[in-house]
Structure formats: structure tokens, C-alpha cells
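Notes follow the structure.
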Protein chains: 2
Amino acid sequence: MISNKARYAFRALLTVAAAPEGEAVTSAEIARRYNIPHKFLEQILLDLRKAGILDSRRGKSGGYVMLRPADTVSFGEVLRIFEGPLAPLPCLSRQSYRRCEDCVSEAQCEIRREFGRAYDASRAVLDTRTIGDALTNSAYGTPWRREERQAG
Amino acid sequence: MISNKARYAFRALLTVAAAPEGEAVTSAEIARRYNIPHKFLEQILLDLRKAGILDSRRGKSGGYVMLRPADTVSFGEVLRIFEGPLAPLPCLSRQSYRRCEDCVSEAQCEIRREFGRAYDASRAVLDTRTIGDALTNSAYGTPWRREERQAG
DNA sequence: CTAAATGCCTACTTATTGAATAGGATAAAG
DNA sequence: CTTTATCCTATTCAATAAGTAGGCATTTAG
């Protein structure tokens, strides 16, 4: 299970990414819409800004906008911000490799081999699918897309 | 990251499964071999026995043996014993489904859809690969297999 | 210029979980 | 009847999850 924090982050990101270009979305609006504790969400949005994914505007008519295009932000990248390494074993993480204390021979470790497969399979999804992908073909989509669909 | 507990469980299971048929392996032996806290490992082996995966013999010349054949025990099954549901979201778990508090429409939730893909990919490995599979082609293998290889 | 609305930042709390540690009870073999 | 194992329960300690709280800083509408 991923943490609530991470889930809220995705909820917020998808909302900001789906908003019309250049239009800022406030933390209060997101919190209200998805029933997320407001102050908690603020911390999360702050993390996303520090990670260089969101940009923010303060004061009246402030809020959050995408800093990078939504289709350059993968689910894996976001997840790592809030959950740390996604690898199921320390010895499988490239970013923060650590030997397992109970490991005799890493090269011949069956646990490592099998979880390596699982990790690869999972990464093939998480590191390729982006926030943008998720919104394309979404029932929500961006507002203008929704109207497009109704019109067509 | 999976817990130490789960990793120790795999270590123990692979060891017992690799032992010659009918030969019991003691918790002390496993603990020594892999540098696992003995008393902690005892609890883990107990869980595996209660789950119907291992059988145990008490007293002198006691220890643990497989209750079910190693190739009927999947990595996913073992993992679930120690980690609970593997689903990344409560709404994706069949065993213990729970709605996300911040969900507006489950059927149209992009987060659910994308993590569903990741979960499927991961399960395709974890729920098909077994302890037996992992030992086949293993550099360790079972003792008699190792000798076979050296001989051939 | 001022007030209101918004984001920014830090500290604190509370409950749960992970990772053991501890101490003995029970059973089987020799 | 002693040794060697498993079996069972309780306790500890640290880290993490999931918020709560309170105020500072900035922008803009009036």
C-alpha cells in the first residue's frame, strides 16, 4: 500500500494538470474537492514544488500550476518523492543501494533474482506511464477535452 | 521495501526447500547461516507453520520440513502472510477491499487505473513464481543437484 | 494603503508498525 | 531425566504515518 500522502499527491497533480493551461488551482479547492485535510495537503504541494514539478503563485488569485509538462512526470518519479526507493529489496535499489545483512552471495541470491523480476515488471509501468498519459482517455480529462467529447 | 521479517521468511523457506527430502532443518542452523536473530526467526517459522506451509518436529533431531511441495508455494502467497495485502491501493485489493476516502469515482479514477496496471504486472511475477522455481537453476540448488553439476 | 486571500515554514502530537528481546512452557530422543 | 529442539506470549525501543497547529510572507483587489 502506498501512503495517503502519496495518493493525495497524485490526486493534486492530476487536478492541476487537468486545469486549463496557465490557470492556477488552489490547495483549498483541491482539499475540498477530494476531502483531503487542507494543512496536510499544503505540505504535500510544497514537496511537489520543491521537487520542481509544480510552480506556485502566492496571494489573491494564487495557487499551483505545472512547472514541467504533465507528460514528462512519471508515476514512479512522484512515488519516489514521497515513499523513497521503490525497490523491494535494498540490494535492488540503484539510487540507494544497500547490502542485505542476511545475504551470503548477492549474485546468486534467489530472493534478489525473483524480486528483481517483479520490480522490473512494476517499473515498466510506473516509470513509463505519466500524469499526462493518465489524463488522456480519462473520463474526466481536461475541461476543454470534456467539452470536445460532448460536442463531437 | 519488504520487511526484514518477510525477507527472513524467504531465506528460511528456500533453505528448508533446498534440503534433502525429509531432512529437517533447525531454526538455529538457519539463523547461524544467514545471520538472522534466532528468536526472531523462531516467530517467523511459527507463522509459516501456522500458514500450513512448513511442518515442524520438536525435540532432538527436530526442525522444519516443507508441508506442501515447494513449487506450490508462490512468492506472493508468502509475502501476503507477512506484509498483508500487496495491492498498492485499498481499492485494488480483492481480499481486503476498502474505498479510498479521497475518491470521487472509483470507476474513473486515474490513480486506480495506473496502479492497477502496475499491480497486475507485479502480480504476474509474484503469484506465478514459486519457491520451487527459484531453486531450479539456482547456483545453490539442492545439495544433490550441486554435486550433479560438478560431476557433469 | 489596507485587508483579505493565498502560499510558506516549522514544530508538535498521536497511533501504529517494525524489529527485535526476553523468558519460559512443552515435547521428543537418547 | 537431561538435552535439544519447538512453541507461545509479553515487552521494549525506534521510526514512520498521518495529521494538527500556529503563525509568517506575499500578492492583489478595492
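Ligands are numbered from 1 in the order shown, chains are lettered A, B, ... in the order of the C-alpha cells, and residues start at 1 in each chain.
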Expected answer as a list in words: chain C residues within 6 Å of chain A, only C-alpha atoms (C1' of nucleotides) |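 Close to chain A, chain C has DA5, DT6 and DG7 of chain C.
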Using the selection just defined, write its residues with all heavy atoms as a PDB file, in the first residue's frame.
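Produced file selection_26.pdb, reproduced below:
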```
ATOM      1  P    DA C   5     -11.315  36.584   2.200  1.00  0.00           P
ATOM      2  OP1  DA C   5     -12.646  36.436   1.568  1.00  0.00           O
ATOM      3  OP2  DA C   5     -11.060  36.167   3.596  1.00  0.00           O
ATOM      4  O5'  DA C   5     -10.247  35.861   1.267  1.00  0.00           O
ATOM      5  C5'  DA C   5     -10.024  36.365  -0.041  1.00  0.00           C
ATOM      6  C4'  DA C   5      -8.705  35.839  -0.546  1.00  0.00           C
ATOM      7  O4'  DA C   5      -7.627  36.492   0.167  1.00  0.00           O
ATOM      8  C3'  DA C   5      -8.499  34.332  -0.343  1.00  0.00           C
ATOM      9  O3'  DA C   5      -8.152  33.778  -1.597  1.00  0.00           O
ATOM     10  C2'  DA C   5      -7.347  34.230   0.648  1.00  0.00           C
ATOM     11  C1'  DA C   5      -6.609  35.539   0.404  1.00  0.00           C
ATOM     12  N9   DA C   5      -5.805  36.028   1.520  1.00  0.00           N
ATOM     13  C8   DA C   5      -6.184  36.156   2.832  1.00  0.00           C
ATOM     14  N7   DA C   5      -5.250  36.636   3.617  1.00  0.00           N
ATOM     15  C5   DA C   5      -4.180  36.831   2.764  1.00  0.00           C
ATOM     16  C6   DA C   5      -2.872  37.323   2.983  1.00  0.00           C
ATOM     17  N6   DA C   5      -2.416  37.724   4.178  1.00  0.00           N
ATOM     18  N1   DA C   5      -2.044  37.398   1.913  1.00  0.00           N
ATOM     19  C2   DA C   5      -2.502  37.006   0.717  1.00  0.00           C
ATOM     20  N3   DA C   5      -3.713  36.528   0.391  1.00  0.00           N
ATOM     21  C4   DA C   5      -4.504  36.468   1.474  1.00  0.00           C
ATOM     22  P    DT C   6      -8.410  32.237  -1.882  1.00  0.00           P
ATOM     23  OP1  DT C   6      -8.775  32.088  -3.293  1.00  0.00           O
ATOM     24  OP2  DT C   6      -9.255  31.684  -0.816  1.00  0.00           O
ATOM     25  O5'  DT C   6      -6.949  31.652  -1.666  1.00  0.00           O
ATOM     26  C5'  DT C   6      -6.015  31.761  -2.726  1.00  0.00           C
ATOM     27  C4'  DT C   6      -4.634  31.889  -2.177  1.00  0.00           C
ATOM     28  O4'  DT C   6      -4.559  32.789  -1.052  1.00  0.00           O
ATOM     29  C3'  DT C   6      -4.009  30.633  -1.590  1.00  0.00           C
ATOM     30  O3'  DT C   6      -3.572  29.763  -2.602  1.00  0.00           O
ATOM     31  C2'  DT C   6      -2.822  31.220  -0.839  1.00  0.00           C
ATOM     32  C1'  DT C   6      -3.233  32.684  -0.598  1.00  0.00           C
ATOM     33  N1   DT C   6      -3.112  33.070   0.820  1.00  0.00           N
ATOM     34  C2   DT C   6      -1.932  33.644   1.245  1.00  0.00           C
ATOM     35  O2   DT C   6      -0.978  33.838   0.504  1.00  0.00           O
ATOM     36  N3   DT C   6      -1.883  33.985   2.558  1.00  0.00           N
ATOM     37  C4   DT C   6      -2.892  33.819   3.495  1.00  0.00           C
ATOM     38  O4   DT C   6      -2.733  34.169   4.668  1.00  0.00           O
ATOM     39  C5   DT C   6      -4.094  33.210   2.998  1.00  0.00           C
ATOM     40  C7   DT C   6      -5.234  32.978   3.935  1.00  0.00           C
ATOM     41  C6   DT C   6      -4.147  32.872   1.700  1.00  0.00           C
ATOM     42  P    DG C   7      -2.980  28.325  -2.129  1.00  0.00           P
ATOM     43  OP1  DG C   7      -3.130  27.415  -3.281  1.00  0.00           O
ATOM     44  OP2  DG C   7      -3.563  27.976  -0.832  1.00  0.00           O
ATOM     45  O5'  DG C   7      -1.434  28.632  -1.908  1.00  0.00           O
ATOM     46  C5'  DG C   7      -0.673  29.201  -2.966  1.00  0.00           C
ATOM     47  C4'  DG C   7       0.651  29.730  -2.412  1.00  0.00           C
ATOM     48  O4'  DG C   7       0.395  30.547  -1.253  1.00  0.00           O
ATOM     49  C3'  DG C   7       1.625  28.642  -1.941  1.00  0.00           C
ATOM     50  O3'  DG C   7       2.952  29.064  -2.237  1.00  0.00           O
ATOM     51  C2'  DG C   7       1.361  28.587  -0.450  1.00  0.00           C
ATOM     52  C1'  DG C   7       1.134  30.067  -0.148  1.00  0.00           C
ATOM     53  N9   DG C   7       0.383  30.273   1.080  1.00  0.00           N
ATOM     54  C8   DG C   7      -0.918  29.935   1.315  1.00  0.00           C
ATOM     55  N7   DG C   7      -1.323  30.246   2.522  1.00  0.00           N
ATOM     56  C5   DG C   7      -0.207  30.820   3.115  1.00  0.00           C
ATOM     57  C6   DG C   7      -0.035  31.352   4.419  1.00  0.00           C
ATOM     58  O6   DG C   7      -0.868  31.411   5.336  1.00  0.00           O
ATOM     59  N1   DG C   7       1.261  31.829   4.611  1.00  0.00           N
ATOM     60  C2   DG C   7       2.266  31.801   3.664  1.00  0.00           C
ATOM     61  N2   DG C   7       3.445  32.307   4.034  1.00  0.00           N
ATOM     62  N3   DG C   7       2.109  31.326   2.441  1.00  0.00           N
ATOM     63  C4   DG C   7       0.851  30.843   2.238  1.00  0.00           C
TER      64       DG C   7
END
```
Using only C-alpha atoms (C1' of nucleotides), determine which residues lie at most 9 Å from Ile2 of chain B, disregarding the query and same-chain residues fewer than 6 positions distant; provide the list as number ranges by chain.
-> A: 87-89; B: 79, 83
Generate the output file for the selected residues, N, CA and C atoms, as a CSV table (one decimal), in the first residue's frame.
```
chain,number,residue,atom,x,y,z
A,87,ALA,N,12.3,0.0,-4.8
A,87,ALA,CA,12.8,-1.3,-4.9
A,87,ALA,C,12.4,-2.2,-3.7
A,88,PRO,N,12.0,-3.4,-3.9
A,88,PRO,CA,11.5,-4.3,-2.9
A,88,PRO,C,12.6,-4.7,-1.9
A,89,LEU,N,13.8,-4.6,-2.4
A,89,LEU,CA,15.0,-5.0,-1.6
A,89,LEU,C,16.0,-3.9,-1.7
B,79,LEU,N,4.5,-13.6,0.8
B,79,LEU,CA,4.6,-12.1,1.1
B,79,LEU,C,3.3,-11.7,1.8
B,83,GLU,N,3.2,-9.4,5.0
B,83,GLU,CA,3.0,-8.0,4.7
B,83,GLU,C,1.5,-7.6,4.6
```
Give me, as a Markdown table, the closest atom pair and its distance (Å, one decimal) for every residue of chain D within a cut-off of 10 Å of chain A, counting only C-alpha atoms (C1' of nucleotides), rows sorted by chain and rising number.
```
| residue | atom | partner | partner_atom | distance |
| --- | --- | --- | --- | --- |
| D:DA17 | C1' | A:Ser3 | CA | 7.6 |
| D:DA18 | C1' | A:Asn4 | CA | 7.9 |
| D:DG19 | C1' | A:Phe40 | CA | 6.6 |
| D:DT20 | C1' | A:Lys39 | CA | 8.1 |
| D:DA21 | C1' | A:Lys39 | CA | 9.3 |
| D:DA25 | C1' | A:Arg58 | CA | 9.2 |
| D:DT26 | C1' | A:Gly59 | CA | 5.8 |
| D:DT27 | C1' | A:Gly59 | CA | 4.0 |
| D:DT28 | C1' | A:Lys60 | CA | 5.6 |
| D:DA29 | C1' | A:Lys60 | CA | 8.3 |
```
What lies within 12 Å of Arg113 of chain A using only C-alpha atoms (C1' of nucleotides), ignoring chain neighbours under 4 positions off, as JSON, numbers by chain?
-> {"A": [88, 89, 91, 92, 105, 106, 107, 108, 109, 117, 118, 119, 120], "B": [75, 125, 126, 129, 131, 133, 134, 135, 137, 138, 139]}
Apply DSSP to the backbone of this structure and, from chain B, keep only the residues in strand (DSSP E or B); write these as a CSV table (one decimal) with all heavy atoms, in the first residue's frame.
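The result, stored in out30.csv:
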```csv
chain,number,residue,atom,x,y,z
B,25,VAL,N,15.4,-29.1,9.0
B,25,VAL,CA,16.4,-28.0,9.2
B,25,VAL,C,16.0,-27.3,10.5
B,25,VAL,O,14.8,-26.9,10.6
B,25,VAL,CB,16.4,-27.1,8.0
B,25,VAL,CG1,17.5,-26.0,8.2
B,25,VAL,CG2,16.6,-27.8,6.7
B,54,LEU,N,5.0,-24.9,6.3
B,54,LEU,CA,6.0,-25.7,6.9
B,54,LEU,C,5.4,-26.7,7.9
B,54,LEU,O,4.3,-26.4,8.4
B,54,LEU,CB,7.0,-24.9,7.6
B,54,LEU,CG,8.0,-24.0,6.8
B,54,LEU,CD1,9.0,-23.3,7.7
B,54,LEU,CD2,8.7,-24.9,5.7
B,55,ASP,N,6.1,-27.8,8.1
B,55,ASP,CA,5.8,-28.7,9.2
B,55,ASP,C,7.0,-28.7,10.1
B,55,ASP,O,8.1,-28.3,9.7
B,55,ASP,CB,5.5,-30.1,8.6
B,55,ASP,CG,4.7,-30.9,9.6
B,55,ASP,OD1,4.3,-30.4,10.7
B,55,ASP,OD2,4.4,-32.1,9.4
B,56,SER,N,6.7,-29.0,11.4
B,56,SER,CA,7.8,-29.0,12.3
B,56,SER,C,7.9,-30.3,13.1
B,56,SER,O,6.9,-31.0,13.3
B,56,SER,CB,7.6,-27.8,13.3
B,56,SER,OG,6.4,-28.0,14.0
B,57,ARG,N,9.1,-30.6,13.6
B,57,ARG,CA,9.3,-31.7,14.5
B,57,ARG,C,10.0,-31.2,15.8
B,57,ARG,O,11.0,-30.4,15.6
B,57,ARG,CB,10.1,-32.8,13.9
B,57,ARG,CG,9.4,-33.5,12.8
B,57,ARG,CD,9.9,-34.9,12.5
B,57,ARG,NE,11.3,-34.8,12.0
B,57,ARG,CZ,11.7,-35.0,10.8
B,57,ARG,NH1,10.8,-35.2,9.8
B,57,ARG,NH2,12.9,-34.9,10.4
B,63,GLY,N,13.2,-29.9,13.9
B,63,GLY,CA,13.4,-28.9,12.9
B,63,GLY,C,12.2,-28.7,12.0
B,63,GLY,O,11.1,-29.1,12.4
B,64,TYR,N,12.5,-28.1,10.8
B,64,TYR,CA,11.4,-27.8,9.9
B,64,TYR,C,11.5,-28.5,8.6
B,64,TYR,O,12.6,-28.7,8.1
B,64,TYR,CB,11.3,-26.3,9.7
B,64,TYR,CG,10.9,-25.6,11.0
B,64,TYR,CD1,11.9,-25.2,11.8
B,64,TYR,CD2,9.6,-25.3,11.3
B,64,TYR,CE1,11.6,-24.5,13.0
B,64,TYR,CE2,9.3,-24.6,12.5
B,64,TYR,CZ,10.3,-24.2,13.3
B,64,TYR,OH,9.9,-23.6,14.5
B,65,VAL,N,10.4,-28.9,8.0
B,65,VAL,CA,10.4,-29.5,6.7
B,65,VAL,C,9.2,-28.9,5.9
B,65,VAL,O,8.3,-28.3,6.5
B,65,VAL,CB,10.1,-31.0,6.7
B,65,VAL,CG1,11.4,-31.7,7.3
B,65,VAL,CG2,8.9,-31.4,7.4
B,66,MET,N,9.2,-29.0,4.6
B,66,MET,CA,8.1,-28.5,3.8
B,66,MET,C,6.9,-29.3,4.1
B,66,MET,O,6.9,-30.5,4.2
B,66,MET,CB,8.4,-28.5,2.3
B,66,MET,CG,9.5,-27.6,1.9
B,66,MET,SD,9.3,-25.9,2.2
B,66,MET,CE,8.0,-25.5,1.0
B,74,SER,N,3.9,-19.9,-3.8
B,74,SER,CA,4.3,-18.7,-4.6
B,74,SER,C,4.9,-17.7,-3.7
B,74,SER,O,4.6,-17.6,-2.5
B,74,SER,CB,3.1,-18.2,-5.4
B,74,SER,OG,2.3,-17.5,-4.5
B,130,THR,N,7.3,-19.6,-8.0
B,130,THR,CA,7.3,-20.3,-6.7
B,130,THR,C,8.7,-20.5,-6.1
B,130,THR,O,9.7,-20.3,-6.8
B,130,THR,CB,6.6,-21.7,-6.9
B,130,THR,OG1,7.5,-22.5,-7.7
B,130,THR,CG2,5.3,-21.6,-7.6
```
Segment 18-91 of chain B: residues DSSP assigns to helix (DSSP H, G or I), reported as a PyMOL selection string | chain B and resi 18+27-34+38-50+70-72+75-83+90-91
Residues within 12 Å of DG22 of chain D, only C-alpha atoms (C1' of nucleotides), excluding chain neighbours under 5 positions, as a list in words |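 Everything that qualifies: Lys39 of chain A; DC9, DT10, DA11 and DC12 of chain C.
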Atom CA of Arg7 of chain B and atom C1' of DA25 of chain C, how far apart in Å?
->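 So the answer is 28.6 Å.
The smallest atom-to-atom distance between chain B and any of A:Pro69, A:Gly22, A:Gly76, A:Pro90, using only C-alpha atoms, is found for A:Pro90.
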For chain B, which residue out of A:Val16, A:Ile36, A:Arg98, A:Thr128 is the nearest one, using only C-alpha atoms?
->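 Of the candidates, the smallest distance to chain B is held by A:Ile36.
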Excluding DT11 of chain D and its own-chain neighbours fewer than 5 positions away, which residues fall within 12 Å of it when counting only C-alpha atoms (C1' of nucleotides)? Please give them as a PDB file with N, CA, C and O atoms (P, O5', C5', C4', C3', O3' and C1' of nucleotides), in the first residue's frame.
```pdb
ATOM      1  P    DA C  20      15.978  -7.036  13.162  1.00  0.00           P
ATOM      2  O5'  DA C  20      15.284  -8.226  13.954  1.00  0.00           O
ATOM      3  C5'  DA C  20      15.741  -8.691  15.189  1.00  0.00           C
ATOM      4  C4'  DA C  20      15.401  -7.749  16.323  1.00  0.00           C
ATOM      5  C3'  DA C  20      15.805  -8.341  17.656  1.00  0.00           C
ATOM      6  O3'  DA C  20      16.949  -7.695  18.148  1.00  0.00           O
ATOM      7  C1'  DA C  20      13.634  -7.289  17.716  1.00  0.00           C
ATOM      8  P    DT C  21      17.915  -8.584  19.102  1.00  0.00           P
ATOM      9  O5'  DT C  21      17.172  -8.603  20.523  1.00  0.00           O
ATOM     10  C5'  DT C  21      16.677  -7.387  21.055  1.00  0.00           C
ATOM     11  C4'  DT C  21      16.110  -7.642  22.432  1.00  0.00           C
ATOM     12  C3'  DT C  21      16.767  -8.783  23.214  1.00  0.00           C
ATOM     13  O3'  DT C  21      16.932  -8.307  24.548  1.00  0.00           O
ATOM     14  C1'  DT C  21      14.442  -9.173  23.025  1.00  0.00           C
ATOM     15  P    DA C  22      17.602  -9.244  25.693  1.00  0.00           P
ATOM     16  O5'  DA C  22      16.333  -9.993  26.294  1.00  0.00           O
ATOM     17  C5'  DA C  22      15.136  -9.259  26.541  1.00  0.00           C
ATOM     18  C4'  DA C  22      14.268 -10.045  27.500  1.00  0.00           C
ATOM     19  C3'  DA C  22      14.965 -11.234  28.158  1.00  0.00           C
ATOM     20  O3'  DA C  22      14.598 -11.242  29.521  1.00  0.00           O
ATOM     21  C1'  DA C  22      13.064 -11.996  26.963  1.00  0.00           C
ATOM     22  P    DG C  23      15.289 -12.273  30.560  1.00  0.00           P
ATOM     23  O5'  DG C  23      14.124 -13.349  30.746  1.00  0.00           O
ATOM     24  C5'  DG C  23      12.789 -12.897  30.965  1.00  0.00           C
ATOM     25  C4'  DG C  23      11.874 -14.098  30.995  1.00  0.00           C
ATOM     26  C3'  DG C  23      12.554 -15.364  31.536  1.00  0.00           C
ATOM     27  O3'  DG C  23      11.669 -16.025  32.416  1.00  0.00           O
ATOM     28  C1'  DG C  23      11.611 -15.796  29.426  1.00  0.00           C
TER      29       DG C  23
END
```
Atom pair atom CA of Arg11 of chain B / atom CA of Val78 of chain B: separation (Å) |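 Separation of atom CA of Arg11 of chain B and atom CA of Val78 of chain B: 11.4 Å.
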Hey, which of A:Val73, A:Leu86, A:Ala24, A:Ala6 ends up closest to chain B? Count only C-alpha atoms.
-> A:Leu86
Grab the atom CA of Asp127 of chain A to atom CA of Ala124 of chain B distance for me, in Å with one decimal place.
->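 Atom-to-atom, atom CA of Asp127 of chain A to atom CA of Ala124 of chain B, that is 17.7 Å.
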